[in-house]
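For reference, coords.cif is printed below; it contains mmCIF, C-alpha atoms and all ligand atoms.
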data_query
#
loop_
_atom_site.label_atom_id
_atom_site.label_comp_id
_atom_site.auth_asym_id
_atom_site.auth_seq_id
_atom_site.Cartn_x
_atom_site.Cartn_y
_atom_site.Cartn_z
CA MET A 270 45.25 -11.94 56.20
CA GLY A 271 44.80 -11.07 52.49
CA ASN A 272 42.41 -8.14 52.72
CA LEU A 273 44.55 -6.41 55.37
CA ILE A 274 46.70 -4.86 52.65
CA ASN A 275 44.12 -4.55 49.91
CA LYS A 276 44.31 -0.99 48.47
CA LYS A 277 47.24 -0.08 50.74
CA LYS A 278 49.85 2.11 49.07
CA ILE A 279 53.38 0.78 49.31
CA LEU A 280 56.45 2.54 48.02
CA LEU A 281 59.00 -0.15 47.22
CA ILE A 282 62.64 0.89 47.00
CA ILE A 283 64.84 -1.59 45.15
CA CYS A 284 68.57 -1.26 45.73
CA GLY A 285 71.44 -2.96 43.90
CA GLY A 286 72.05 -6.59 44.75
CA ILE A 287 71.43 -10.00 43.29
CA ALA A 288 68.39 -10.27 45.63
CA ALA A 289 66.71 -7.57 43.51
CA TYR A 290 65.34 -10.35 41.32
CA LYS A 291 63.27 -11.48 44.34
CA SER A 292 61.70 -8.02 44.41
CA LEU A 293 59.95 -8.83 41.16
CA GLU A 294 58.25 -11.76 42.89
CA LEU A 295 57.53 -9.45 45.83
CA ILE A 296 55.74 -7.01 43.49
CA ARG A 297 53.77 -9.85 41.90
CA LEU A 298 52.55 -11.12 45.29
CA LEU A 299 51.76 -7.64 46.62
CA LYS A 300 49.71 -6.90 43.50
CA LYS A 301 47.86 -10.18 43.99
CA ASP A 302 46.87 -8.94 47.47
CA GLY A 303 45.53 -5.71 45.97
CA VAL A 304 48.39 -3.40 46.97
CA ILE A 305 48.96 -0.20 44.98
CA ILE A 306 52.68 0.00 44.33
CA LYS A 307 55.07 2.71 43.25
CA THR A 308 58.73 1.84 42.89
CA ILE A 309 62.01 3.63 43.26
CA LEU A 310 64.91 1.89 41.56
CA THR A 311 68.37 3.01 42.64
CA LYS A 312 71.19 3.40 40.13
CA SER A 313 72.82 0.15 41.22
CA GLY A 314 69.41 -1.56 41.47
CA ALA A 315 68.98 -0.88 37.75
CA GLU A 316 72.08 -3.03 37.13
CA PHE A 317 70.09 -6.07 38.34
CA VAL A 318 66.48 -5.48 37.26
CA THR A 319 65.07 -3.30 34.51
CA PRO A 320 62.45 -0.56 34.90
CA LEU A 321 60.48 -2.31 32.17
CA SER A 322 60.10 -5.57 34.11
CA ILE A 323 59.09 -3.63 37.26
CA THR A 324 56.53 -1.52 35.40
CA SER A 325 55.06 -4.60 33.72
CA LEU A 326 54.47 -6.22 37.09
CA SER A 327 53.55 -3.17 39.19
CA GLN A 328 51.60 -1.43 36.42
CA SER A 329 52.95 1.89 37.51
CA LYS A 330 55.85 4.19 36.82
CA VAL A 331 59.33 3.50 38.19
CA TYR A 332 61.04 6.52 39.74
CA GLN A 333 64.82 6.67 39.34
CA ASP A 334 66.21 10.21 39.43
CA LEU A 335 66.23 12.77 42.20
CA PHE A 336 66.48 15.65 39.76
CA SER A 337 64.05 14.84 37.02
CA ILE A 338 61.76 17.47 35.56
CA GLU A 339 59.26 14.78 34.72
CA ASN A 340 59.14 13.62 38.36
CA GLU A 341 58.94 17.14 39.74
CA VAL A 342 55.85 17.83 37.66
CA GLU A 343 54.18 14.51 38.36
CA MET A 344 55.29 13.65 41.89
CA ASP A 345 58.31 15.10 43.69
CA HIS A 346 60.24 13.29 46.42
CA ILE A 347 58.12 14.80 49.21
CA SER A 348 54.80 13.88 47.60
CA LEU A 349 56.14 10.42 46.88
CA SER A 350 56.94 9.83 50.56
CA ARG A 351 53.58 11.31 51.65
CA TRP A 352 51.67 9.20 49.10
CA ALA A 353 52.76 5.93 50.67
CA ASP A 354 51.09 4.17 53.60
CA LEU A 355 54.38 2.36 54.12
CA ILE A 356 57.86 2.32 52.59
CA LEU A 357 59.59 -0.98 51.97
CA ILE A 358 63.26 -1.16 51.04
CA ALA A 359 63.98 -4.59 49.58
CA PRO A 360 66.70 -5.42 49.03
CA ALA A 361 68.45 -2.89 51.27
CA THR A 362 72.20 -2.89 50.61
CA ALA A 363 74.94 -2.08 53.13
CA ASN A 364 75.48 1.16 51.25
CA THR A 365 71.84 2.28 51.46
CA ILE A 366 71.66 1.25 55.12
CA SER A 367 74.74 3.36 55.79
CA LYS A 368 73.19 6.34 53.99
CA LEU A 369 69.94 6.02 55.97
CA ALA A 370 71.86 5.80 59.24
CA SER A 371 73.88 8.93 58.47
CA GLY A 372 70.94 10.94 57.12
CA SER A 373 72.52 11.28 53.69
CA SER A 374 70.24 12.31 50.82
CA ASP A 375 72.22 12.14 47.62
CA ASP A 376 69.77 10.10 45.56
CA LEU A 377 66.00 9.70 45.28
CA ALA A 378 65.80 6.63 47.58
CA SER A 379 67.69 8.15 50.51
CA THR A 380 65.97 11.54 50.09
CA VAL A 381 62.49 9.99 50.14
CA ALA A 382 63.39 7.92 53.23
CA LEU A 383 64.76 10.98 55.01
CA ALA A 384 61.69 13.05 54.10
CA SER A 385 59.24 10.31 55.05
CA ASN A 386 56.75 10.48 57.92
CA LYS A 387 55.72 6.83 57.42
CA LYS A 388 56.85 3.48 58.73
CA ILE A 389 59.90 2.20 56.82
CA PHE A 390 60.67 -1.51 56.60
CA ILE A 391 64.09 -2.65 55.44
CA ALA A 392 64.93 -6.12 54.17
CA PRO A 393 68.74 -6.23 54.04
CA ALA A 394 70.64 -8.38 51.56
CA MET A 395 74.42 -8.55 51.49
CA ASN A 396 77.43 -10.78 51.93
CA VAL A 397 77.76 -12.32 55.40
CA ARG A 398 81.01 -10.39 56.20
CA MET A 399 79.40 -7.11 55.19
CA TRP A 400 76.40 -7.90 57.39
CA GLU A 401 78.58 -8.87 60.34
CA HIS A 402 80.85 -5.83 59.99
CA GLN A 403 80.80 -3.53 63.03
CA SER A 404 79.89 -0.53 60.89
CA THR A 405 76.80 -2.29 59.47
CA LYS A 406 75.82 -3.50 62.95
CA GLN A 407 76.13 0.03 64.26
CA ASN A 408 74.09 1.42 61.36
CA ILE A 409 71.35 -1.13 61.98
CA ARG A 410 71.28 -0.24 65.68
CA LYS A 411 70.88 3.41 64.71
CA LEU A 412 68.08 2.65 62.26
CA LYS A 413 66.20 0.74 64.93
CA THR A 414 66.36 3.76 67.19
CA TYR A 415 65.01 5.83 64.26
CA ASN A 416 62.02 3.45 64.25
CA TYR A 417 62.93 1.56 61.08
CA GLU A 418 61.62 -2.01 61.13
CA LEU A 419 64.00 -4.80 60.13
CA ILE A 420 62.90 -7.87 58.17
CA GLY A 421 65.58 -10.58 58.12
CA PRO A 422 68.18 -11.13 56.81
CA GLU A 423 68.20 -14.92 56.77
CA ILE A 424 71.00 -17.46 57.05
CA GLY A 425 71.84 -19.52 53.97
CA ASP A 426 73.96 -20.02 50.87
CA MET A 427 74.83 -16.73 49.22
CA ALA A 428 75.04 -15.89 45.56
CA CYS A 429 78.78 -15.20 46.07
CA GLY A 430 79.32 -18.82 47.18
CA GLU A 431 79.73 -18.10 50.90
CA TYR A 432 77.39 -19.23 53.65
CA GLY A 433 75.95 -17.21 56.54
CA GLU A 434 73.54 -14.48 57.56
CA GLY A 435 72.75 -11.89 54.90
CA LYS A 436 70.21 -13.41 52.52
CA MET A 437 67.13 -11.29 51.88
CA SER A 438 63.98 -12.77 53.43
CA GLU A 439 61.63 -14.51 51.04
CA PRO A 440 58.90 -12.28 49.56
CA LYS A 441 56.17 -14.23 51.38
CA GLU A 442 57.91 -13.62 54.71
CA ILE A 443 58.30 -9.90 53.94
CA ILE A 444 54.61 -9.61 53.04
CA ASN A 445 53.67 -11.44 56.22
CA LYS A 446 55.52 -8.83 58.32
CA VAL A 447 53.83 -6.02 56.42
CA LYS A 448 50.42 -7.59 57.02
CA ILE A 449 51.11 -7.92 60.75
CA TYR A 450 52.03 -4.24 60.82
CA PHE A 451 48.73 -3.19 59.19
CA LYS A 452 46.79 -5.58 61.39
CA ASN A 453 48.26 -4.05 64.56
CA LEU A 454 47.72 -0.55 63.21
CA LYS A 455 44.06 -1.33 62.55
CA ARG A 456 43.68 -2.71 66.06
CA LYS A 457 45.39 0.35 67.56
CA ASN A 458 43.03 2.72 65.77
CA LYS A 459 39.90 0.91 66.84
CA LEU A 460 37.80 1.91 69.80
CA LYS A 461 37.41 -0.84 72.37
CA ALA A 462 34.06 -2.05 73.63
CA ILE A 463 33.18 -4.73 76.16
CA VAL A 464 29.84 -6.42 76.60
CA THR A 465 28.74 -8.78 79.36
CA ALA A 466 25.93 -11.17 78.45
CA GLY A 467 23.97 -14.22 79.53
CA PRO A 468 23.34 -15.61 83.00
CA THR A 469 25.90 -16.72 85.55
CA LYS A 470 25.94 -20.03 87.40
CA GLU A 471 26.58 -20.08 91.11
CA TYR A 472 27.46 -23.58 92.21
CA ILE A 473 25.92 -25.24 95.26
CA ASP A 474 27.81 -28.50 94.87
CA PRO A 475 29.60 -30.18 91.91
CA VAL A 476 26.33 -30.89 90.08
CA ARG A 477 23.90 -28.19 91.18
CA TYR A 478 23.81 -24.47 90.74
CA ILE A 479 21.67 -21.34 90.99
CA SER A 480 21.10 -19.46 87.74
CA ASN A 481 18.42 -17.54 85.84
CA LYS A 482 16.50 -17.51 82.55
CA SER A 483 18.71 -15.11 80.61
CA SER A 484 19.42 -16.36 77.06
CA GLY A 485 22.16 -13.83 76.33
CA LYS A 486 20.56 -12.99 72.95
CA GLN A 487 20.39 -9.22 73.42
CA GLY A 488 24.02 -9.00 74.60
CA TYR A 489 25.28 -11.13 71.70
CA GLU A 490 23.40 -8.93 69.23
CA ILE A 491 24.90 -5.81 70.79
CA ALA A 492 28.41 -7.29 70.46
CA LYS A 493 27.69 -8.07 66.78
CA SER A 494 26.44 -4.53 66.10
CA LEU A 495 29.48 -3.00 67.80
CA SER A 496 31.87 -5.18 65.83
CA LYS A 497 30.03 -4.40 62.56
CA LYS A 498 30.55 -0.70 63.29
CA GLY A 499 34.30 -1.17 63.75
CA PHE A 500 34.67 -1.49 67.53
CA GLU A 501 37.24 -3.94 68.82
CA THR A 502 34.70 -5.94 70.78
CA THR A 503 35.11 -8.29 73.72
CA LEU A 504 32.09 -10.31 74.73
CA ILE A 505 32.21 -11.78 78.23
CA SER A 506 29.51 -14.38 78.26
CA GLY A 507 27.96 -16.62 80.85
CA PRO A 508 26.70 -20.07 79.71
CA THR A 509 24.49 -19.76 76.58
CA ASN A 510 23.73 -21.82 73.45
CA LEU A 511 24.68 -18.96 71.17
CA GLU A 512 27.52 -18.63 68.68
CA ILE A 513 29.41 -15.57 67.58
CA ASN A 514 31.80 -14.82 64.72
CA ASN A 515 35.56 -14.76 65.08
CA ASP A 516 35.88 -10.97 64.84
CA ILE A 517 34.59 -10.76 68.39
CA ASN A 518 36.86 -11.69 71.23
CA LEU A 519 34.68 -14.14 73.17
CA ILE A 520 35.48 -14.93 76.80
CA LYS A 521 33.32 -17.73 78.21
CA VAL A 522 32.73 -17.70 81.95
CA GLU A 523 30.41 -19.45 84.40
CA THR A 524 30.33 -17.60 87.69
CA ALA A 525 29.89 -13.94 88.57
CA GLU A 526 33.40 -13.91 90.03
CA GLU A 527 34.83 -15.17 86.71
CA MET A 528 32.81 -12.56 84.83
CA PHE A 529 34.15 -9.89 87.16
CA GLN A 530 37.79 -10.96 86.72
CA SER A 531 37.42 -11.20 82.91
CA THR A 532 35.84 -7.75 82.79
CA LEU A 533 38.74 -6.26 84.72
CA LYS A 534 41.25 -7.95 82.41
CA SER A 535 39.43 -6.61 79.33
CA LEU A 536 39.56 -2.99 80.48
CA PRO A 537 40.38 -0.27 79.58
CA ALA A 538 37.71 0.27 76.95
CA GLU A 539 35.82 3.28 75.61
CA VAL A 540 32.43 1.62 76.00
CA ALA A 541 31.14 -1.02 78.42
CA ILE A 542 27.69 -2.54 78.17
CA PHE A 543 26.52 -4.68 81.05
CA SER A 544 23.69 -6.77 79.69
CA ALA A 545 24.46 -9.92 81.70
CA ALA A 546 21.94 -11.19 84.22
CA VAL A 547 24.54 -11.69 86.90
CA CYS A 548 23.34 -13.70 89.91
CA ASP A 549 23.17 -11.32 92.81
CA TYR A 550 24.14 -14.02 95.30
CA LYS A 551 26.54 -16.94 95.48
CA VAL A 552 26.71 -19.84 97.90
CA LYS A 553 29.05 -19.03 100.74
CA GLU A 554 30.67 -22.44 100.84
CA ILE A 555 30.33 -24.68 97.79
CA SER A 556 30.12 -28.30 98.90
CA LYS A 557 32.98 -30.35 97.43
CA THR A 558 30.77 -33.42 97.28
CA LYS A 559 27.20 -33.89 96.09
CA ILE A 560 24.81 -32.87 98.85
CA LYS A 561 22.52 -35.72 99.94
CA LYS A 562 18.74 -35.35 100.28
CA GLN A 563 17.63 -34.02 103.61
CA ASP A 564 14.28 -33.01 105.07
CA GLU A 565 15.33 -29.44 105.12
CA ILE A 566 18.24 -27.63 103.59
CA CYS A 567 19.54 -24.19 104.26
CA LEU A 568 21.83 -22.44 101.81
CA ASP A 569 24.01 -19.72 103.16
CA LEU A 570 24.29 -17.04 100.45
CA GLU A 571 26.44 -13.97 100.16
CA LYS A 572 26.35 -11.08 97.70
CA ASN A 573 28.37 -11.22 94.50
CA VAL A 574 30.39 -8.20 93.58
CA ASP A 575 28.29 -5.87 91.41
CA ILE A 576 30.46 -5.67 88.28
CA LEU A 577 28.61 -2.71 86.78
CA ASP A 578 28.72 -0.77 90.02
CA TYR A 579 32.43 -1.53 90.53
CA VAL A 580 33.50 -0.49 87.01
CA SER A 581 31.21 2.51 86.87
CA ASN A 582 32.59 3.94 90.10
CA HIS A 583 36.24 3.15 89.40
CA ASN A 584 38.50 6.20 89.15
CA SER A 585 40.83 5.01 86.42
CA LEU A 586 39.10 2.03 84.82
CA ARG A 587 35.74 3.64 84.09
CA PRO A 588 35.01 3.66 80.34
CA LYS A 589 33.77 6.87 78.72
CA LEU A 590 30.34 5.35 78.34
CA VAL A 591 28.86 2.85 80.80
CA VAL A 592 25.52 1.28 79.94
CA GLY A 593 23.62 -0.91 82.39
CA PHE A 594 20.52 -3.06 81.92
CA ALA A 595 17.41 -3.37 84.03
CA ALA A 596 14.96 -6.23 83.62
CA GLU A 597 11.81 -5.51 85.59
CA THR A 598 8.32 -6.98 85.91
CA ASN A 599 6.72 -3.79 87.28
CA ASP A 600 7.41 -0.08 87.75
CA LEU A 601 10.01 -0.38 84.97
CA GLU A 602 11.10 3.24 84.74
CA LYS A 603 11.05 3.88 88.47
CA TYR A 604 13.38 0.95 89.20
CA ALA A 605 15.53 1.58 86.14
CA ASN A 606 16.04 5.19 87.21
CA LYS A 607 17.06 4.00 90.66
CA LYS A 608 19.72 1.72 89.09
CA LEU A 609 20.90 4.55 86.83
CA SER A 610 21.72 6.79 89.74
CA GLU A 611 22.73 4.19 92.34
CA LYS A 612 25.16 2.45 89.97
CA ASN A 613 26.44 5.69 88.42
CA CYS A 614 25.75 4.57 84.83
CA ASP A 615 25.43 6.91 81.87
CA TRP A 616 22.50 5.03 80.40
CA ILE A 617 20.19 2.21 81.49
CA VAL A 618 18.47 0.00 78.94
CA ALA A 619 15.30 -1.18 80.63
CA ASN A 620 12.96 -3.94 79.53
CA ASP A 621 9.76 -5.47 80.83
CA VAL A 622 10.30 -9.17 81.44
CA SER A 623 6.71 -9.82 82.53
CA ASN A 624 5.68 -9.85 78.86
CA LYS A 625 6.58 -13.29 77.38
CA SER A 626 6.76 -12.07 73.75
CA ILE A 627 9.75 -9.89 74.62
CA GLY A 628 12.70 -10.23 76.94
CA PHE A 629 14.71 -13.29 77.97
CA GLU A 630 14.03 -16.16 75.51
CA SER A 631 12.51 -14.11 72.70
CA ASP A 632 14.28 -12.83 69.56
CA PHE A 633 12.30 -9.62 69.99
CA ASN A 634 12.45 -6.86 72.50
CA GLU A 635 11.04 -3.50 73.44
CA VAL A 636 13.24 -1.28 75.57
CA SER A 637 13.47 2.16 77.08
CA ILE A 638 16.79 3.95 77.26
CA LEU A 639 17.08 6.14 80.32
CA TYR A 640 19.70 8.88 80.27
CA LYS A 641 21.38 10.71 83.11
CA ASN A 642 19.65 13.96 82.15
CA LYS A 643 16.27 12.27 82.78
CA LYS A 644 15.55 11.93 79.06
CA ILE A 645 13.87 8.64 78.09
CA GLU A 646 13.75 7.13 74.62
CA ARG A 647 11.54 4.17 73.79
CA LEU A 648 12.56 1.65 71.14
CA LYS A 649 9.35 -0.02 70.02
CA TYR A 650 8.86 -3.79 69.52
CA LYS A 651 11.46 -5.07 67.04
CA SER A 652 14.11 -7.76 66.71
CA LYS A 653 16.95 -7.78 69.22
CA SER A 654 19.30 -7.31 66.31
CA GLU A 655 17.53 -4.09 65.23
CA ILE A 656 17.43 -2.84 68.82
CA SER A 657 21.19 -3.44 69.02
CA ASP A 658 21.91 -1.59 65.77
CA GLU A 659 19.91 1.41 67.03
CA LEU A 660 21.62 1.34 70.40
CA VAL A 661 25.06 1.24 68.77
CA GLU A 662 24.13 4.17 66.48
CA LYS A 663 23.31 6.14 69.64
CA ILE A 664 26.62 5.08 71.20
CA ILE A 665 28.54 6.31 68.14
CA ASP A 666 26.65 9.65 68.16
CA HIS A 667 27.42 10.01 71.85
CA LEU A 668 31.16 9.30 71.43
CA ASN A 669 31.35 11.76 68.55
N1 LIG A 701 25.08 -6.32 87.34
C1 LIG A 701 26.42 -6.58 87.40
N2 LIG A 701 26.92 -7.34 88.41
C2 LIG A 701 26.13 -7.87 89.34
C3 LIG A 701 24.75 -7.61 89.27
C4 LIG A 701 24.27 -6.85 88.27
O1 LIG A 701 27.16 -6.12 86.55
N3 LIG A 701 26.63 -8.61 90.29
C5 LIG A 701 24.55 -5.46 86.27
C6 LIG A 701 23.74 -6.17 85.21
O2 LIG A 701 24.54 -6.63 84.15
C7 LIG A 701 22.78 -5.10 84.76
C8 LIG A 701 22.48 -4.37 86.06
O3 LIG A 701 23.63 -4.57 86.86
O4 LIG A 701 23.37 -4.19 83.89
C9 LIG A 701 21.27 -4.95 86.69
O5 LIG A 701 21.17 -4.55 88.01
P1 LIG A 701 20.71 -5.54 89.18
O6 LIG A 701 20.89 -4.78 90.43
O7 LIG A 701 21.38 -6.83 89.09
O8 LIG A 701 19.27 -5.83 88.83
P2 LIG A 701 18.43 -6.82 89.67
O9 LIG A 701 19.17 -8.00 90.14
O10 LIG A 701 17.21 -7.06 88.83
O11 LIG A 701 18.20 -5.91 90.93
P3 LIG A 701 16.94 -5.72 91.81
O12 LIG A 701 16.53 -7.06 92.29
O13 LIG A 701 17.41 -4.82 92.90
O14 LIG A 701 15.93 -5.10 90.90
#
Could you render the structure from this file as structure tokens?
Amino acid sequence: MGNLINKKKILLIICGGIAAYKSLELIRLLKKDGVIIKTILTKSGAEFVTPLSITSLSQSKVYQDLFSIENEVEMDHISLSRWADLILIAPATANTISKLASGSSDDLASTVALASNKKIFIAPAMNVRMWEHQSTKQNIRKLKTYNYELIGPEIGDMACGEYGEGKMSEPKEIINKVKIYFKNLKRKNKLKAIVTAGPTKEYIDPVRYISNKSSGKQGYEIAKSLSKKGFETTLISGPTNLEINNDINLIKVETAEEMFQSTLKSLPAEVAIFSAAVCDYKVKEISKTKIKKQDEICLDLEKNVDILDYVSNHNSLRPKLVVGFAAETNDLEKYANKKLSEKNCDWIVANDVSNKSIGFESDFNEVSILYKNKKIERLKYKSKSEISDELVEKIIDHLN
């Protein structure tokens, strides 16, 4: 999770307590992960660690006074709180916690916290009785309602010789929590996209099935292009021999029904691209045992649910942009246009599968994109990966 906090700006507030020595290790590890740190050292914090040791490790100035001309010129308390991506108070003493809970602002640390519009993490450190005191408990409850995030404290031997809950969490644990926060934030800010790809298998009996020639290549390339461009991408794939990197959430399915259920579970999303060659029919009753040879056999088929049609016509689940695919051997644009309107898609990507050098098995493709307003764009013969990059560029332009 290293690069999750690379170049993030963290304002570290160090309060007075023996655990302050751990904050030096915290700074060292944060720096190692590429974090840009500014530090506020409270008056009592300065009794435990020196500004010089902090500056040496953080390679930046330590802020100590609320009313300092030097600070006001360089960075006042408001700018300091705005500068940070996140504020981390470690160690947070009972006194500071009490000040934060009451909204007091009589020093730089409490003023910056009160003026902040950022997430504030607190890692308390104090004697077990102080931690268990009703007033501290009440203050912590208040801070939680103010959206402060608590890290620890842990149970263990205390510097004062007692044992219990109140030890500051280890720097590694604190950094882990911070990384999870940034990871979730990144996920929250991302647009979601889902892609269906590959064929489906519709079983006849335990060893036989109906399927088609789809390789899934185009769909996999589209998922890769979306992920490269920052979409949180889910790829719902029928059986293929393809691999995909871990950034993409891959859901492997076999049947059309499984693909349908997985698609529903993956919604809502901003974009949905239906490139799968879903079998239109399934066997009405799958034989539980292997069917024996007979002179004649009759398979009773019924229609599978049309996933694209279902999602595209859904009142609440419909993504902002729904893209369908049409693979045709003749009258490409005529049939693609029919699908565009009948399935209520925004765009249809149509390709000619009668030509062996493009389409199913090939790494190359040539497609036409048909839009609702009757506009047609042709993407000339190129690799499926290039086609996907171009398609995703168009998707981004459209969403913007
Ligand atoms: N599709 C789907 N669910 C199905 C069937 C198709 O989501 N059960 C989607 C495909 O992923 C593709 C588009 O619908 O985006 C293709 O339409 P489809 O009607 O399946 O094409 P064909 O089977 O080729 O239809 P036809 O034989 O009528 O040309």
Could you list, as a compact mmCIF listing (two decimals) with C-alpha atoms, in the coordinates of the input, all residues that come within 9 Å of ligand LIG 701 (chain A)? Count only C-alpha atoms and all ligand atoms.
# COMPACT_ATOMS: atom_id res chain seq x y z
CA THR A 465 28.74 -8.78 79.36
CA ALA A 466 25.93 -11.17 78.45
CA GLY A 467 23.97 -14.22 79.53
CA ALA A 525 29.89 -13.94 88.57
CA GLU A 526 33.40 -13.91 90.03
CA MET A 528 32.81 -12.56 84.83
CA PHE A 529 34.15 -9.89 87.16
CA ILE A 542 27.69 -2.54 78.17
CA PHE A 543 26.52 -4.68 81.05
CA SER A 544 23.69 -6.77 79.69
CA ALA A 545 24.46 -9.92 81.70
CA ALA A 546 21.94 -11.19 84.22
CA VAL A 547 24.54 -11.69 86.90
CA CYS A 548 23.34 -13.70 89.91
CA ASP A 549 23.17 -11.32 92.81
CA TYR A 550 24.14 -14.02 95.30
CA LYS A 572 26.35 -11.08 97.70
CA ASN A 573 28.37 -11.22 94.50
CA VAL A 574 30.39 -8.20 93.58
CA ASP A 575 28.29 -5.87 91.41
CA ILE A 576 30.46 -5.67 88.28
CA LEU A 577 28.61 -2.71 86.78
CA ASP A 578 28.72 -0.77 90.02
CA TYR A 579 32.43 -1.53 90.53
CA VAL A 580 33.50 -0.49 87.01
CA VAL A 592 25.52 1.28 79.94
CA GLY A 593 23.62 -0.91 82.39
CA PHE A 594 20.52 -3.06 81.92
CA ALA A 595 17.41 -3.37 84.03
CA ALA A 596 14.96 -6.23 83.62
CA GLU A 597 11.81 -5.51 85.59
CA TYR A 604 13.38 0.95 89.20
CA ALA A 605 15.53 1.58 86.14
CA LYS A 608 19.72 1.72 89.09
CA LYS A 612 25.16 2.45 89.97
CA ILE A 617 20.19 2.21 81.49
CA VAL A 618 18.47 0.00 78.94
Spatial sel., origin (22.7, -24.7, 90.4), limit 12 Å, all atoms listed in the file, listed as a list in words: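 Answer for this query, in the requested form: Pro468, Thr469, Lys470, Glu471, Tyr472, Ile473, Asp474, Pro475, Val476, Arg477, Tyr478, Ile479, Ser480, Asn481, Glu523, Thr524, Cys548, Tyr550, Lys551, Val552, Ile555, Ser556, Lys559, Ile560 and Leu568 of chain A.
Of the residues listed (A:Thr558, A:Ser292, A:Ser496, A:Thr311), A:Ser496 shows the shortest atom-to-atom separation from Asp658 (chain A); distances use only C-alpha atoms.
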Of the candidates A:Ile656, A:Leu412, A:Leu504, A:Ala541, which one gets nearest to Lys368 (chain A) if we count all atoms listed in the file?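 Using all atoms listed in the file, Lys368 (chain A) sits closest to A:Leu412.
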Per-axis box centre and lengths in Å around region 310-323 of chain A, 3 Å margin per side, axis-aligned, as AutoDock Vina command-line options:
--center_x 66.0 --center_y -1.3 --center_z 37.4 --size_x 19.7 --size_y 15.5 --size_z 16.5
Skipping near chain neighbours, those fewer than 4 positions away, what residues fall within 10 Å of Gly425 (chain A) using only C-alpha atoms, listed as a VMD selection string? chain A and resid 397 431 to 437
Counting only C-alpha atoms, which residue out of A:Ser531, A:Thr308, A:Asn624, A:Ser657 sits closest to Ser329 (chain A)? A:Thr308
One residue among A:Glu539, A:Glu423, A:Glu418, A:Glu501 is nearest to Lys455 (chain A) when using all atoms listed in the file, and that residue is A:Glu501
Neighbours of region 534-536 of chain A within 8 Å (all atoms listed in the file; same-chain residues fewer than 3 positions away dropped), as a short mmCIF file (atom, residue, chain, number, x, y, z; two decimals) with C-alpha atoms, in the coordinates of the input?
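The file below, part_25.cif, is the result:
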data_model
loop_
_atom_site.label_atom_id
_atom_site.label_comp_id
_atom_site.auth_asym_id
_atom_site.auth_seq_id
_atom_site.Cartn_x
_atom_site.Cartn_y
_atom_site.Cartn_z
CA ILE A 463 33.18 -4.73 76.16
CA THR A 503 35.11 -8.29 73.72
CA GLN A 530 37.79 -10.96 86.72
CA SER A 531 37.42 -11.20 82.91
CA LEU A 586 39.10 2.03 84.82
#
Find the residue from A:Glu401, A:Glu439, A:Glu554, A:Asp345 that sits nearest to Glu294 (chain A); use only C-alpha atoms when measuring. A:Glu439
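A straight line drawn from CA of Trp352 (chain A) to CA of Val381 (chain A) is 10.9 Å long.
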Given all atoms listed in the file as the basis, pick out the residue of A:Asn582, A:Lys649, A:Ile274, A:Ile323 nearest to Ile449 (chain A).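 Of the candidates, the smallest distance to Ile449 (chain A) is held by A:Ile274.
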Counting only C-alpha atoms, find the residues whose atoms lie at most 10 Å from (18.4, 6.3, 72.6) (file coordinates) and write them out as a short mmCIF file (atom, residue, chain, number, x, y, z; two decimals) with C-alpha atoms, keeping the file's coordinate frame.
data_model
loop_
_atom_site.label_atom_id
_atom_site.label_comp_id
_atom_site.auth_asym_id
_atom_site.auth_seq_id
_atom_site.Cartn_x
_atom_site.Cartn_y
_atom_site.Cartn_z
CA TRP A 616 22.50 5.03 80.40
CA ILE A 617 20.19 2.21 81.49
CA VAL A 618 18.47 0.00 78.94
CA VAL A 636 13.24 -1.28 75.57
CA SER A 637 13.47 2.16 77.08
CA ILE A 638 16.79 3.95 77.26
CA LEU A 639 17.08 6.14 80.32
CA TYR A 640 19.70 8.88 80.27
CA LYS A 644 15.55 11.93 79.06
CA ILE A 645 13.87 8.64 78.09
CA GLU A 646 13.75 7.13 74.62
CA ARG A 647 11.54 4.17 73.79
CA LEU A 648 12.56 1.65 71.14
CA ILE A 656 17.43 -2.84 68.82
CA GLU A 659 19.91 1.41 67.03
CA LEU A 660 21.62 1.34 70.40
CA VAL A 661 25.06 1.24 68.77
CA GLU A 662 24.13 4.17 66.48
CA LYS A 663 23.31 6.14 69.64
CA ILE A 664 26.62 5.08 71.20
CA ASP A 666 26.65 9.65 68.16
CA HIS A 667 27.42 10.01 71.85
#
Ser367 (chain A): which residues within 12 Å, counting all atoms listed in the file, same-chain residues fewer than 3 positions away excluded, as an MDAnalysis selection string? chainID A and resid 361:364 370:374 379 393 399:400 402:412
With only C-alpha atoms as the counted atoms, please give the residues lying no more than 9 Å from Phe390 (chain A), apart from itself and same-chain residues fewer than 3 positions off, as a list in words. Leu355, Ile356, Leu357, Ile358, Ala359, Tyr417, Glu418, Leu419, Ile420 and Val447 of chain A
Provide the CA of Asp354 (chain A) to CA of Asn386 (chain A) distance in Å, to one decimal place.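 CA of Asn386 (chain A) lies at a distance of 9.5 Å from CA of Asp354 (chain A).
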